[in-house]
Each structure stands twice: as C-alpha cells, then as structure tokens.
$ cat query.csv   # CSV, C-alpha atoms
chain,number,residue,atom,x,y,z
A,105,GLN,CA,100.3,153.9,75.4
A,106,VAL,CA,101.5,151.2,73.1
A,107,GLN,CA,104.1,148.8,74.5
A,108,LEU,CA,105.8,145.9,72.8
A,109,VAL,CA,107.9,143.5,74.9
A,110,GLU,CA,110.1,140.9,73.4
A,111,SER,CA,111.4,137.8,75.1
A,112,GLY,CA,113.1,134.5,74.3
A,113,GLY,CA,116.4,135.5,73.0
A,114,GLY,CA,119.6,133.8,74.1
A,115,LEU,CA,122.6,131.7,73.1
A,116,ALA,CA,122.3,128.9,70.6
A,117,GLN,CA,124.5,126.7,68.4
A,118,ALA,CA,124.2,126.4,64.7
A,119,GLY,CA,121.3,124.1,63.9
A,120,ASP,CA,119.5,124.8,67.2
A,121,SER,CA,116.1,126.4,67.6
A,122,LEU,CA,114.9,129.3,69.6
A,123,ARG,CA,111.4,130.9,70.0
A,124,LEU,CA,110.9,134.6,70.5
A,125,SER,CA,107.7,136.1,71.7
A,126,CYS,CA,106.3,139.6,71.3
A,127,ALA,CA,103.6,140.8,73.7
A,128,ALA,CA,101.6,143.9,72.8
A,129,SER,CA,99.9,146.0,75.5
A,130,LEU,CA,97.3,147.9,73.7
A,131,ASP,CA,93.8,147.5,72.4
A,132,THR,CA,94.3,144.5,70.2
A,133,PHE,CA,91.6,145.6,67.9
A,134,SER,CA,93.9,148.4,66.8
A,135,VAL,CA,96.6,146.0,65.7
A,136,ASN,CA,96.9,145.0,62.1
A,137,THR,CA,100.5,143.9,61.5
A,138,ILE,CA,103.2,142.6,63.8
A,139,ALA,CA,106.7,142.2,62.4
A,140,TRP,CA,110.1,141.2,63.4
A,141,PHE,CA,113.2,143.0,62.3
A,142,ARG,CA,116.8,142.3,63.3
A,143,GLN,CA,120.0,144.3,63.5
A,144,ALA,CA,123.5,142.7,63.5
A,145,PRO,CA,126.5,144.7,64.7
A,146,GLY,CA,127.6,147.2,62.1
A,147,LYS,CA,124.6,146.5,59.8
A,148,GLU,CA,121.3,148.1,59.1
A,149,ARG,CA,118.1,146.9,60.6
A,150,GLU,CA,116.5,144.3,58.3
A,151,PHE,CA,113.1,142.8,58.0
A,152,VAL,CA,112.6,139.2,59.1
A,153,ALA,CA,108.9,138.4,59.0
A,154,ALA,CA,105.4,139.9,59.4
A,155,ILE,CA,102.0,138.5,60.4
A,156,ASN,CA,98.5,139.9,59.8
A,157,TRP,CA,97.1,140.0,63.3
A,158,ASN,CA,93.6,139.5,62.1
A,159,ASP,CA,93.8,136.5,59.8
A,160,GLY,CA,97.3,135.1,60.4
A,161,ARG,CA,98.7,135.7,57.0
A,162,THR,CA,102.5,135.8,57.0
A,163,TYR,CA,105.3,137.1,54.9
A,164,TYR,CA,109.0,136.2,55.3
A,165,ALA,CA,112.3,137.5,54.2
A,166,ASP,CA,114.1,135.2,51.8
A,167,SER,CA,116.9,134.7,54.3
A,168,VAL,CA,114.6,133.0,56.8
A,169,ASN,CA,111.8,131.6,54.7
A,170,GLY,CA,111.5,127.9,55.5
A,171,ARG,CA,113.4,128.2,58.7
A,172,PHE,CA,111.4,130.7,60.7
A,173,THR,CA,107.7,130.6,61.4
A,174,LEU,CA,105.6,133.4,62.8
A,175,SER,CA,102.3,132.6,64.5
A,176,ARG,CA,99.8,133.9,67.0
A,177,GLU,CA,97.3,132.0,69.0
A,178,ASP,CA,94.6,134.6,69.4
A,179,ALA,CA,94.1,138.3,69.9
A,180,LYS,CA,95.1,138.2,73.5
A,181,ASN,CA,98.3,136.2,73.3
A,182,PRO,CA,101.8,137.0,72.1
A,183,VAL,CA,103.1,136.6,68.6
A,184,TYR,CA,105.7,133.9,68.4
A,185,LEU,CA,108.7,133.7,66.1
A,186,GLN,CA,109.9,130.1,65.9
A,187,MET,CA,113.5,130.0,64.6
A,188,ASN,CA,114.8,126.7,63.5
A,189,SER,CA,118.1,125.6,61.9
A,190,LEU,CA,119.7,128.7,63.2
A,191,GLU,CA,122.9,129.9,61.5
A,192,PRO,CA,125.6,132.2,62.8
A,193,GLU,CA,124.4,134.8,60.3
A,194,ASP,CA,121.1,135.0,62.4
A,195,THR,CA,123.0,136.6,65.2
A,196,ALA,CA,121.4,140.0,65.9
A,197,VAL,CA,119.2,142.0,68.1
A,198,TYR,CA,115.7,141.1,67.2
A,199,TYR,CA,113.0,143.7,67.4
A,200,CYS,CA,109.2,143.4,67.4
A,201,ALA,CA,107.3,146.2,65.6
A,202,LEU,CA,103.7,147.1,65.1
A,203,ASP,CA,101.9,148.7,62.2
A,204,ARG,CA,98.3,149.8,62.7
A,205,ARG,CA,97.5,150.2,59.1
A,206,ALA,CA,95.7,147.5,57.1
A,207,TRP,CA,97.8,144.5,56.0
A,208,GLN,CA,99.9,145.6,53.1
A,209,ASN,CA,99.8,142.4,51.0
A,210,TYR,CA,103.6,142.4,50.9
A,211,SER,CA,105.3,141.5,47.7
A,212,SER,CA,108.7,142.8,48.9
A,213,ASN,CA,110.2,143.4,52.3
A,214,PRO,CA,108.6,146.2,54.2
A,215,ASP,CA,110.7,149.1,55.4
A,216,MET,CA,111.2,149.8,59.1
A,217,THR,CA,109.7,153.2,58.6
A,218,ASP,CA,106.3,151.5,58.0
A,219,PHE,CA,106.2,150.5,61.7
A,220,ALA,CA,105.4,153.2,64.3
A,221,TYR,CA,105.9,151.1,67.4
A,222,TRP,CA,108.9,149.1,68.5
A,223,GLY,CA,110.0,146.9,71.3
A,224,GLN,CA,113.3,147.2,73.1
A,225,GLY,CA,114.9,144.2,71.4
A,226,THR,CA,116.2,140.8,72.4
A,227,GLN,CA,119.6,139.4,71.6
A,228,VAL,CA,120.1,136.2,69.7
A,229,THR,CA,123.6,134.8,69.4
A,230,VAL,CA,124.3,131.8,67.3
A,231,SER,CA,127.7,130.1,67.5
A,232,SER,CA,129.2,127.9,64.9
$ encode --input "query.csv" --output "structure tokens"
Amino acid sequence: QVQLVESGGGLAQAGDSLRLSCAASLDTFSVNTIAWFRQAPGKEREFVAAINWNDGRTYYADSVNGRFTLSREDAKNPVYLQMNSLEPEDTAVYYCALDRRAWQNYSSNPDMTDFAYWGQGTQVTVSS
C-alpha cells in the first residue's frame, strides 16, 4: 500500500522560511514523480512543484519559482520542499502527491488528476 506522509508545516511570519518533507512508504523503484500541491481556504488545489525521483529534475509554479526549492537526498529519504521568503499568500494546506508514470517533461503546471496517491496534508500559515 502506498502511503505518503507530510511534515514540517506550522506558523511563520512573512519573510520567514519553512521546510516541508514528504516520506513515501512504498517500493521506491516504483516512484517517478513527487509533487507538492496546496489548497487555500475557498480555493482550488493548485500545483506548487514537482521533482523527478530518478534524476532530481524539478519544475515549479511561477508563483513559487525562485522562493521554493524541491530536493531529495536519495531514494530512501524524504523529498524536501524548502520554502523561503514566505508570503501570506502561501498560507494553505500543502499536500504531497505521487505519480508513478515517467517524468512528464512539464512545460505547464500538471493537473492534480495526474497524481494517484496523496498525503493527508500539512498546514502552513504565514502572517503579515
């Protein structure tokens, strides 16, 4: 059974940094893409960033590009989302998601329906 567990959310002030982690309990050779999405109150879930599990290639939404960094150490360790220069607009529940298909060479934000497995989410709240 695939299980994704997020951690690292919390309260921050504008300009602060937080790091989220996503741990996947499954055969890591079956993983191709890990992504983060977020959902603010009253809004649709939106893409944040994705990483190719196998070679570390990344893709970011314009809204976080240059502020957020997605990384992974190796196949047995979590994926990390380093969030710098946080803004109140970053307040949301952040979800980790997994796509077992090959890396999609994104040129636009992927849709959440591309990801079959999801974590339970972790709250990030940024105050001004």
$ residues_around --input "query.csv" --residues "Asp203 in chain A" --least-positions-apart "5" --cutoff "12 Å" --atoms "all atoms listed in the file" --output "list in words"
Val106, Leu108, Ala128, Thr132, Ser134, Val135, Asn136, Thr137, Ile138, Ala139, Trp140, Ala154, Ile155, Asn156, Trp157, Gln208, Pro214, Asp215, Met216, Thr217, Asp218, Phe219, Ala220, Tyr221 and Trp222 of chain A
$ residues_around --input "query.csv" --residues "range 169-178 of chain A" --least-positions-apart "3" --cutoff "12 Å" --atoms "all atoms listed in the file" --output "PyMOL selection string"
chain A and resi 119-128+132-133+137-140+151-166+181-191+194+200
$ write_last_selection --input "query.csv" --atoms "C-alpha atoms" --output "PDB file, keeping the file's coordinate frame"
ATOM      1  CA  GLY A 119     121.300 124.100  63.900  1.00  0.00           C
ATOM      2  CA  ASP A 120     119.500 124.800  67.200  1.00  0.00           C
ATOM      3  CA  SER A 121     116.100 126.400  67.600  1.00  0.00           C
ATOM      4  CA  LEU A 122     114.900 129.300  69.600  1.00  0.00           C
ATOM      5  CA  ARG A 123     111.400 130.900  70.000  1.00  0.00           C
ATOM      6  CA  LEU A 124     110.900 134.600  70.500  1.00  0.00           C
ATOM      7  CA  SER A 125     107.700 136.100  71.700  1.00  0.00           C
ATOM      8  CA  CYS A 126     106.300 139.600  71.300  1.00  0.00           C
ATOM      9  CA  ALA A 127     103.600 140.800  73.700  1.00  0.00           C
ATOM     10  CA  ALA A 128     101.600 143.900  72.800  1.00  0.00           C
ATOM     11  CA  THR A 132      94.300 144.500  70.200  1.00  0.00           C
ATOM     12  CA  PHE A 133      91.600 145.600  67.900  1.00  0.00           C
ATOM     13  CA  THR A 137     100.500 143.900  61.500  1.00  0.00           C
ATOM     14  CA  ILE A 138     103.200 142.600  63.800  1.00  0.00           C
ATOM     15  CA  ALA A 139     106.700 142.200  62.400  1.00  0.00           C
ATOM     16  CA  TRP A 140     110.100 141.200  63.400  1.00  0.00           C
ATOM     17  CA  PHE A 151     113.100 142.800  58.000  1.00  0.00           C
ATOM     18  CA  VAL A 152     112.600 139.200  59.100  1.00  0.00           C
ATOM     19  CA  ALA A 153     108.900 138.400  59.000  1.00  0.00           C
ATOM     20  CA  ALA A 154     105.400 139.900  59.400  1.00  0.00           C
ATOM     21  CA  ILE A 155     102.000 138.500  60.400  1.00  0.00           C
ATOM     22  CA  ASN A 156      98.500 139.900  59.800  1.00  0.00           C
ATOM     23  CA  TRP A 157      97.100 140.000  63.300  1.00  0.00           C
ATOM     24  CA  ASN A 158      93.600 139.500  62.100  1.00  0.00           C
ATOM     25  CA  ASP A 159      93.800 136.500  59.800  1.00  0.00           C
ATOM     26  CA  GLY A 160      97.300 135.100  60.400  1.00  0.00           C
ATOM     27  CA  ARG A 161      98.700 135.700  57.000  1.00  0.00           C
ATOM     28  CA  THR A 162     102.500 135.800  57.000  1.00  0.00           C
ATOM     29  CA  TYR A 163     105.300 137.100  54.900  1.00  0.00           C
ATOM     30  CA  TYR A 164     109.000 136.200  55.300  1.00  0.00           C
ATOM     31  CA  ALA A 165     112.300 137.500  54.200  1.00  0.00           C
ATOM     32  CA  ASP A 166     114.100 135.200  51.800  1.00  0.00           C
ATOM     33  CA  ASN A 181      98.300 136.200  73.300  1.00  0.00           C
ATOM     34  CA  PRO A 182     101.800 137.000  72.100  1.00  0.00           C
ATOM     35  CA  VAL A 183     103.100 136.600  68.600  1.00  0.00           C
ATOM     36  CA  TYR A 184     105.700 133.900  68.400  1.00  0.00           C
ATOM     37  CA  LEU A 185     108.700 133.700  66.100  1.00  0.00           C
ATOM     38  CA  GLN A 186     109.900 130.100  65.900  1.00  0.00           C
ATOM     39  CA  MET A 187     113.500 130.000  64.600  1.00  0.00           C
ATOM     40  CA  ASN A 188     114.800 126.700  63.500  1.00  0.00           C
ATOM     41  CA  SER A 189     118.100 125.600  61.900  1.00  0.00           C
ATOM     42  CA  LEU A 190     119.700 128.700  63.200  1.00  0.00           C
ATOM     43  CA  GLU A 191     122.900 129.900  61.500  1.00  0.00           C
ATOM     44  CA  ASP A 194     121.100 135.000  62.400  1.00  0.00           C
ATOM     45  CA  CYS A 200     109.200 143.400  67.400  1.00  0.00           C
TER      46      CYS A 200
END
$ residues_around --input "query.csv" --residues "Gly113 in chain A" --least-positions-apart "3" --cutoff "6 Å" --atoms "only C-alpha atoms" --output "list in words"
Thr226, Gln227 and Val228 of chain A
$ atom_distance --input "query.csv" --atom1 "CA of Gln224 in chain A" --atom2 "CA of Asn209 in chain A"
26.3 Å
$ atom_distance --input "query.csv" --atom1 "CA of Gln117 in chain A" --atom2 "CA of Ala196 in chain A"
13.9 Å
$ closest_residue --input "query.csv" --among "A:Ala118, A:Gly225, A:Gly146, A:Ser231" --to "Tyr198 in chain A" --atoms "only C-alpha atoms"
A:Gly225
$ residues_around --input "query.csv" --residues "Glu150 in chain A" --least-positions-apart "4" --cutoff "8 Å" --atoms "all atoms listed in the file" --output "PyMOL selection string"
chain A and resi 141-143+216
$ atom_distance --input "query.csv" --atom1 "CA of Thr195 in chain A" --atom2 "CA of Ala144 in chain A"
6.4 Å
$ closest_residue --input "query.csv" --among "A:Val109, A:Leu115, A:Val230, A:Val168" --to "Tyr199 in chain A" --atoms "only C-alpha atoms"
A:Val109
